[in-house]
file data.txt (compact mmCIF, C-alpha atoms)
# COMPACT_ATOMS: atom_id res chain seq x y z
CA MET A 5 5.46 12.55 3.03
CA LEU A 6 7.98 15.39 3.41
CA ASP A 7 9.48 14.72 -0.03
CA SER A 8 6.11 15.36 -1.69
CA LEU A 9 6.00 18.76 -0.06
CA ARG A 10 9.47 19.48 -1.33
CA ILE A 11 9.51 18.23 -4.91
CA ALA A 12 5.95 18.91 -6.05
CA PRO A 13 4.94 22.40 -7.27
CA ARG A 14 3.65 24.58 -4.44
CA PRO A 15 0.57 26.75 -4.79
CA LEU A 16 2.37 29.93 -3.78
CA LEU A 17 -0.77 32.01 -3.38
CA ASN A 18 -2.20 29.58 -0.80
CA VAL A 19 1.03 29.72 1.18
CA ILE A 20 1.03 33.51 1.15
CA GLN A 21 -2.62 33.67 2.18
CA GLY A 22 -2.35 30.92 4.81
CA ARG A 23 -4.77 28.63 3.01
CA PRO A 24 -4.67 24.80 2.91
CA ILE A 25 -2.35 22.96 0.55
CA LEU A 26 -2.60 19.56 2.31
CA ALA A 27 -5.65 17.38 2.98
CA VAL A 28 -5.67 14.42 5.38
CA PHE A 29 -8.30 12.21 3.77
CA GLU A 30 -9.98 9.35 5.61
CA VAL A 31 -10.88 7.48 2.44
CA CYS A 32 -12.38 4.65 4.48
CA LEU A 33 -14.34 4.80 7.76
CA ARG A 34 -13.76 1.13 8.53
CA CYS A 35 -10.78 -0.49 10.23
CA ASN A 36 -9.57 -4.04 10.93
CA SER A 37 -7.54 -2.94 13.96
CA ALA A 38 -8.70 -1.71 17.36
CA CYS A 39 -5.75 0.43 18.42
CA GLY A 40 -5.74 1.50 22.05
CA TYR A 41 -4.75 5.05 21.16
CA CYS A 42 -7.47 5.65 18.51
CA ASN A 43 -11.02 6.73 19.22
CA LEU A 44 -12.00 7.98 15.77
CA PRO A 45 -15.64 7.07 15.00
CA LEU A 46 -15.00 4.00 12.81
CA ASN A 47 -16.95 0.84 11.95
CA VAL A 48 -20.30 2.47 12.71
CA GLY A 49 -21.81 2.36 9.23
CA ARG A 50 -21.24 5.97 8.20
CA TYR A 51 -21.63 6.94 4.55
CA GLU A 52 -18.51 6.78 2.36
CA MET A 53 -18.38 8.90 -0.77
CA THR A 54 -18.39 7.06 -4.08
CA ARG A 55 -15.40 7.20 -6.39
CA GLU A 56 -17.26 9.73 -8.55
CA GLU A 57 -18.08 11.94 -5.58
CA ILE A 58 -14.45 11.82 -4.43
CA ARG A 59 -13.34 12.78 -7.93
CA ARG A 60 -15.76 15.72 -7.98
CA VAL A 61 -14.78 16.93 -4.50
CA PHE A 62 -11.06 16.75 -5.11
CA THR A 63 -11.28 18.35 -8.54
CA SER A 64 -12.72 21.37 -6.77
CA LEU A 65 -10.07 21.20 -4.03
CA TYR A 66 -7.32 21.17 -6.65
CA GLU A 67 -8.82 24.32 -8.13
CA ASP A 68 -8.73 25.77 -4.59
CA GLY A 69 -4.96 25.24 -4.46
CA LEU A 70 -4.59 21.98 -2.55
CA ARG A 71 -1.80 19.82 -3.92
CA PHE A 72 -1.02 17.11 -1.35
CA VAL A 73 -3.15 14.35 0.17
CA PHE A 74 -2.42 11.92 2.99
CA VAL A 75 -4.76 9.01 2.20
CA GLN A 76 -5.64 7.05 5.32
CA GLY A 77 -8.56 5.60 7.25
CA GLY A 78 -9.65 3.69 9.17
CA GLU A 79 -7.69 1.22 7.12
CA PRO A 80 -7.65 2.49 3.53
CA LEU A 81 -6.81 -0.91 2.02
CA LEU A 82 -10.24 -2.15 3.12
CA ARG A 83 -11.70 -0.02 0.35
CA ARG A 84 -11.83 -2.19 -2.78
CA ASP A 85 -11.72 0.72 -5.21
CA LEU A 86 -8.73 2.35 -3.47
CA PRO A 87 -6.29 1.86 -6.40
CA ASP A 88 -8.79 3.52 -8.73
CA ILE A 89 -9.20 6.45 -6.32
CA LEU A 90 -5.43 6.84 -5.99
CA GLU A 91 -5.07 6.86 -9.76
CA ASP A 92 -7.80 9.50 -10.04
CA LEU A 93 -6.08 11.76 -7.50
CA ILE A 94 -2.71 11.37 -9.18
CA ASP A 95 -4.22 12.13 -12.57
CA MET A 96 -5.56 15.38 -11.09
CA GLY A 97 -2.04 16.34 -10.05
CA PHE A 98 -2.01 15.58 -6.31
CA GLY A 99 1.06 14.30 -4.48
CA LEU A 100 -0.05 11.31 -2.40
CA THR A 101 1.07 9.47 0.71
CA LEU A 102 -0.81 6.26 1.53
CA ILE A 103 -0.95 5.61 5.31
CA THR A 104 -1.83 2.02 6.25
CA ASN A 105 -1.50 -0.54 9.04
CA GLY A 106 0.11 -2.83 6.47
CA THR A 107 -2.14 -5.85 7.06
CA ARG A 108 -3.85 -5.97 3.64
CA PHE A 109 -1.12 -5.92 1.04
CA THR A 110 -1.23 -8.57 -1.69
CA PRO A 111 1.27 -9.19 -4.49
CA GLU A 112 -1.25 -7.93 -7.05
CA LEU A 113 -1.97 -4.75 -5.10
CA VAL A 114 1.70 -3.95 -4.55
CA VAL A 115 2.40 -4.36 -8.28
CA ARG A 116 -0.36 -1.88 -9.06
CA LEU A 117 0.76 0.59 -6.39
CA ALA A 118 4.36 0.37 -7.62
CA MET A 119 3.22 1.81 -10.95
CA LEU A 120 2.07 5.03 -9.25
CA PRO A 121 4.13 8.04 -8.07
CA LEU A 122 3.20 7.35 -4.47
CA ASN A 123 4.66 7.40 -0.96
CA ILE A 124 3.69 4.61 1.43
CA SER A 125 3.71 4.80 5.23
CA VAL A 126 3.22 1.60 7.27
CA SER A 127 2.45 1.64 11.00
CA LEU A 128 4.45 -0.78 13.17
CA ASP A 129 4.94 -0.27 16.91
CA THR A 130 6.68 -3.49 17.94
CA LEU A 131 8.15 -6.71 16.57
CA ASP A 132 6.72 -8.70 19.49
CA ARG A 133 3.49 -10.51 18.63
CA ASP A 134 1.89 -10.26 22.08
CA ARG A 135 2.69 -6.58 22.49
CA TYR A 136 1.43 -5.88 18.97
CA ARG A 137 -1.89 -7.46 19.90
CA GLN A 138 -2.02 -5.43 23.13
CA ILE A 139 -1.50 -2.16 21.25
CA ARG A 140 -3.44 -2.83 18.06
CA GLY A 141 -6.25 -4.95 19.44
CA ASN A 142 -5.77 -7.76 16.92
CA ASP A 143 -3.17 -10.46 16.30
CA GLN A 144 -1.92 -9.20 12.92
CA LEU A 145 1.84 -8.81 13.21
CA ARG A 146 2.52 -11.66 10.79
CA GLN A 147 0.36 -10.00 8.13
CA VAL A 148 2.20 -6.69 8.58
CA LEU A 149 5.62 -8.34 8.26
CA ALA A 150 4.44 -10.19 5.15
CA GLY A 151 3.26 -6.88 3.69
CA ILE A 152 6.63 -5.27 4.40
CA ASP A 153 8.31 -8.14 2.56
CA LEU A 154 6.04 -7.49 -0.44
CA LEU A 155 7.14 -3.84 -0.43
CA ASP A 156 10.81 -4.79 -0.71
CA GLY A 157 11.06 -3.61 -4.31
CA PHE A 158 8.60 -0.72 -4.06
CA PRO A 159 10.24 2.16 -5.96
CA GLY A 160 8.72 5.11 -4.10
CA PRO A 161 9.58 6.55 -0.68
CA LYS A 162 8.63 4.24 2.19
CA TYR A 163 8.06 5.22 5.82
CA LEU A 164 7.59 3.13 8.91
CA THR A 165 5.79 4.92 11.75
CA CYS A 166 6.21 3.76 15.35
CA VAL A 167 3.99 5.22 18.09
CA VAL A 168 5.72 5.24 21.47
CA SER A 169 3.59 4.01 24.37
CA GLU A 170 4.23 2.33 27.71
CA VAL A 171 3.75 -1.10 26.15
CA ASN A 172 6.46 -0.76 23.47
CA ARG A 173 8.99 1.65 25.02
CA ALA A 174 11.68 -1.05 25.11
CA ASP A 175 11.01 -2.06 21.50
CA VAL A 176 11.30 1.27 19.69
CA ILE A 177 14.99 1.22 18.84
CA ASP A 178 14.61 -2.31 17.42
CA VAL A 179 11.70 -1.14 15.26
CA VAL A 180 13.82 1.76 13.99
CA ARG A 181 16.66 -0.62 13.09
CA PHE A 182 14.16 -2.93 11.41
CA ALA A 183 12.84 -0.03 9.34
CA ARG A 184 16.32 0.87 8.15
CA THR A 185 17.12 -2.75 7.28
CA TYR A 186 14.04 -2.97 5.05
CA GLY A 187 14.60 0.35 3.33
CA PHE A 188 11.99 2.34 5.27
CA MET A 189 12.50 5.81 6.69
CA PRO A 190 11.80 5.50 10.45
CA VAL A 191 9.31 7.99 11.89
CA VAL A 192 8.86 7.89 15.68
CA VAL A 193 5.89 9.67 17.29
CA ALA A 194 4.46 9.90 20.80
CA TYR A 195 1.12 8.53 21.95
CA HIS A 196 -1.14 11.40 23.02
CA TRP A 197 -4.35 11.12 24.95
CA ARG A 198 -7.18 13.52 25.82
CA VAL A 199 -6.94 15.25 22.42
CA GLU A 200 -10.68 15.37 21.72
CA GLN A 201 -11.69 12.56 19.35
CA TYR A 202 -8.14 11.73 18.24
CA GLY A 203 -6.44 10.71 21.47
CA LYS A 204 -8.11 7.83 23.27
CA GLU A 205 -7.25 7.51 26.94
CA ASP A 206 -5.87 3.99 27.42
CA LEU A 207 -4.36 3.21 30.83
CA LEU A 208 -2.34 0.34 29.39
CA LEU A 209 -0.57 2.64 26.93
CA GLN A 210 -0.04 5.72 29.12
CA TYR A 211 3.59 6.42 29.95
CA ASP A 212 5.62 8.52 32.33
CA ARG A 213 6.78 11.47 30.25
CA GLN A 214 10.39 11.32 31.41
CA ALA A 215 10.58 7.64 30.53
CA ALA A 216 9.13 8.31 27.08
CA SER A 217 11.52 11.22 26.57
CA ARG A 218 14.47 8.88 27.11
CA VAL A 219 13.18 6.69 24.26
CA PHE A 220 13.29 9.62 21.84
CA GLU A 221 16.71 10.62 23.12
CA GLN A 222 17.93 7.07 22.50
CA VAL A 223 16.66 7.17 18.93
CA LEU A 224 18.38 10.53 18.41
CA GLU A 225 21.66 9.20 19.78
CA SER A 226 21.48 6.10 17.57
CA GLY A 227 21.97 8.11 14.37
CA LEU A 228 19.42 5.87 12.65
CA VAL A 229 17.11 8.79 11.84
CA PRO A 230 18.48 11.29 9.30
CA ARG A 231 19.24 14.93 9.88
CA GLY A 232 16.63 17.42 8.78
CA TYR A 233 12.91 17.27 9.42
CA TYR A 234 12.57 13.85 11.07
CA ARG A 235 15.43 14.40 13.52
CA ASN A 236 13.94 17.80 14.38
CA TYR A 237 10.63 16.05 14.94
CA LEU A 238 12.29 13.76 17.48
CA ARG A 239 13.66 16.83 19.28
CA ASP A 240 10.17 18.35 19.26
CA ASN A 241 8.87 15.29 21.08
CA VAL A 242 11.68 15.45 23.64
CA ARG A 243 10.88 19.12 24.27
CA TRP A 244 7.14 18.47 24.61
CA LEU A 245 7.59 15.44 26.87
CA ASN A 246 9.82 17.55 29.14
CA GLY A 247 7.18 20.26 29.49
CA GLY A 248 8.26 22.58 26.70
CA SER A 249 6.06 24.17 24.05
CA LEU A 250 5.87 23.49 20.33
CA GLU A 251 5.66 25.84 17.40
CA ARG A 252 2.17 26.76 16.28
CA CYS A 253 -0.03 24.06 14.83
CA ASP A 254 -1.17 24.85 11.30
CA ALA A 255 -4.38 22.83 11.35
CA GLY A 256 -7.03 24.72 9.43
CA ARG A 257 -4.39 26.98 7.96
CA TYR A 258 -2.12 24.93 5.72
CA SER A 259 -3.91 21.61 6.26
CA ILE A 260 -7.43 20.25 6.69
CA ALA A 261 -8.95 16.86 7.50
CA ILE A 262 -11.65 15.31 5.31
CA ASP A 263 -13.50 12.15 6.24
CA ALA A 264 -14.93 9.64 3.76
CA SER A 265 -18.37 11.24 4.06
CA GLY A 266 -16.98 14.59 2.87
CA ASN A 267 -17.00 16.29 6.28
CA VAL A 268 -14.19 18.81 6.84
CA ALA A 269 -12.44 19.76 10.09
CA PRO A 270 -9.21 21.66 10.84
CA CYS A 271 -7.66 18.33 11.86
CA LEU A 272 -8.75 14.85 12.90
CA ALA A 273 -9.06 15.94 16.54
CA LEU A 274 -11.41 18.88 16.01
CA THR A 275 -15.07 19.29 15.12
CA HIS A 276 -16.40 19.16 11.55
CA ALA A 277 -17.45 22.52 10.12
CA GLY A 278 -19.22 21.45 6.94
CA ASN A 279 -19.49 18.91 4.14
CA LEU A 280 -17.89 19.29 0.71
CA LEU A 281 -20.89 17.66 -0.96
CA GLU A 282 -23.01 20.56 0.31
CA SER A 283 -20.67 23.55 0.79
CA SER A 284 -17.61 25.07 -0.84
CA LEU A 285 -14.22 24.94 0.86
CA ASP A 286 -14.31 28.72 1.42
CA GLN A 287 -17.66 28.44 3.18
CA ILE A 288 -16.33 25.68 5.43
CA LEU A 289 -13.05 27.48 6.21
CA ALA A 290 -15.07 30.51 7.34
CA ARG A 291 -16.82 28.31 9.93
CA PHE A 292 -13.64 26.97 11.55
CA ASP A 293 -13.34 27.73 15.26
CA ARG A 294 -9.94 29.46 15.16
CA GLU A 295 -9.95 29.97 18.91
CA ALA A 296 -10.33 26.21 19.48
CA ILE A 297 -7.40 25.59 17.13
CA ARG A 298 -5.29 28.15 18.99
CA ARG A 299 -6.16 26.66 22.40
CA CYS A 300 -5.22 23.18 21.23
CA SER A 301 -1.94 24.44 19.78
CA ASP A 302 -1.03 26.53 22.84
CA HIS A 303 -1.50 23.59 25.17
CA SER A 304 0.88 21.52 23.01
CA SER A 305 -1.37 18.56 23.68
CA CYS A 306 -0.82 17.10 20.23
CA ASN A 307 2.21 16.69 17.98
CA VAL A 308 0.40 14.95 15.13
CA MET A 309 2.68 15.32 12.15
CA CYS A 310 0.00 16.02 9.54
CA SER A 311 -1.05 19.31 11.17
CA ARG A 312 2.49 20.62 11.60
CA ILE A 313 4.45 19.33 8.64
CA VAL A 314 3.66 22.11 6.15
CA GLY A 315 4.25 24.99 8.56
CA SER A 316 7.42 23.40 9.92
CA THR A 317 8.73 22.91 6.39
CA LEU A 318 7.99 26.53 5.47
CA ARG A 319 9.49 27.90 8.70
CA HIS A 320 12.62 25.75 8.44
CA PRO A 321 13.33 25.43 4.69
CA VAL A 322 17.03 24.64 5.11
CA SER A 323 16.24 21.75 7.46
CA ALA A 324 13.60 20.50 5.03
CA LEU A 325 16.06 20.58 2.13
CA MET A 326 18.54 18.56 4.19
CA THR A 327 16.04 15.75 4.73
CA PRO A 328 16.69 12.68 2.56
CA THR A 329 13.77 10.99 0.82
CA SER A 330 15.15 7.45 0.90
CA VAL A 331 17.27 5.23 3.12
CA PRO A 332 20.89 5.12 1.89
CA SER A 333 23.15 2.10 1.76
CA GLN A 334 25.53 1.68 4.68
CA GLU A 335 28.41 2.84 2.47
CA SER A 336 26.74 6.22 1.89
CA GLU A 337 25.44 6.97 5.39
CA ALA A 338 28.15 9.48 6.28
CA GLY A 339 26.57 12.81 7.17
CA TRP A 340 23.08 11.32 7.32
call {"tool": "encode", "arguments": {"input": "data.txt", "output": "structure tokens"}}
result
Amino acid sequence: MLDSLRIAPRPLLNVIQGRPILAVFEVCLRCNSACGYCNLPLNVGRYEMTREEIRRVFTSLYEDGLRFVFVQGGEPLLRRDLPDILEDLIDMGFGLTLITNGTRFTPELVVRLAMLPLNISVSLDTLDRDRYRQIRGNDQLRQVLAGIDLLDGFPGPKYLTCVVSEVNRADVIDVVRFARTYGFMPVVVAYHWRVEQYGKEDLLLQYDRQAASRVFEQVLESGLVPRGYYRNYLRDNVRWLNGGSLERCDAGRYSIAIDASGNVAPCLALTHAGNLLESSLDQILARFDREAIRRCSDHSSCNVMCSRIVGSTLRHPVSALMTPTSVPSQESEAGW
């Protein structure tokens, strides 16, 4: 994730002009989970671009200066041609992060993925089977843990993302320790609701903000998350949960969201402004509702990492450079 933004070549002109360099790509509009905090329009039979259409669209995006892609869904591993698509994007020159619920890894798939210059992010909110089912809607914890075991020797950066909700507040620090034990960088985020189509309102998951803030403070105090970007991100959540404001969101500026049909929006929470199979990126960018983006950012209603990571990295380059890209051994954790 962050390491791709740091080590890959940056399209300087896009940065100067405030144009996108990152795409959040929903490669698949199907999912095998039913997470309480997600209300993206999934599993409704929408069209998914073919591999050739994806190749054509992203060739044009590369020419437009984009260099980084977060590949997610839905659940991206449900797409049978996903490894081929990843290889195509890497051949074009994109830096990739694959974001998955971790339920669909196989030994054969992991071997193929390990051959690619790729980051992998797995979502895991709890180590308790019943609470996992409550949050994710399906009893799949055993599959996720099996997938994490398969990734033991994966050579690229690995991230484990935990979404804090009322159901798993007491489990978060254990998940963070688990991530460190298995060589994953822990990333802790807050559940948000009432953020247009991205934040489903689930009474079971809604928390008291002060109680959730204490969870993030506990993670900060543990020292299990490294200095640099990810520790700053924890502080951002503490500030937001205690009523403070966040720095501007860069959705539609440095990053865009693309669904598997080719529709483009400033981020996953906002309205589509055009389709890349029918319009150029410049035409679509001109249609973005910048006032809606500003309103969303000003209300600090969302701290989704994908829409803030580029701008935060550019605004805080020293902090970004301090951020490690892998989990060190216990002997080398001093100054982490």
call {"tool": "residues_around", "arguments": {"input": "data.txt", "residues": "Gln222 (chain A)", "least_positions_apart": "3", "cutoff": "12 Å", "atoms": "only C-alpha atoms", "output": "MDAnalysis selection string"}}
result
chainID A and resid 173:178 180 192 215:219 225:229 235 238:239 242
call {"tool": "residues_around", "arguments": {"input": "data.txt", "residues": "Ile260 (chain A)", "least_positions_apart": "2", "cutoff": "8 Å", "atoms": "all atoms listed in the file", "output": "MDAnalysis selection string"}}
result
chainID A and resid 24 26:28 255:258 262 268:271 311
call {"tool": "residues_around", "arguments": {"input": "data.txt", "residues": "Met189 (chain A)", "least_positions_apart": "3", "cutoff": "7 Å", "atoms": "only C-alpha atoms", "output": "VMD selection string"}}
result
chain A and resid 162 to 164 183 to 184 330 to 331
call {"tool": "closest_residue", "arguments": {"input": "data.txt", "among": "A:Thr54, A:Gln138, A:Ser316, A:Ser323", "to": "Pro230 (chain A)", "atoms": "all atoms listed in the file"}}
result
A:Ser323
call {"tool": "atom_distance", "arguments": {"input": "data.txt", "atom1": "CA of Ile139 (chain A)", "atom2": "CA of Gly40 (chain A)"}}
result
5.7 Å
call {"tool": "residues_around", "arguments": {"input": "data.txt", "residues": "Ala118 (chain A)", "least_positions_apart": "5", "cutoff": "8 Å", "atoms": "only C-alpha atoms", "output": "MDAnalysis selection string"}}
result
chainID A and resid 158:160
call {"tool": "atom_distance", "arguments": {"input": "data.txt", "atom1": "CA of Pro190 (chain A)", "atom2": "CA of Leu224 (chain A)"}}
result
11.5 Å
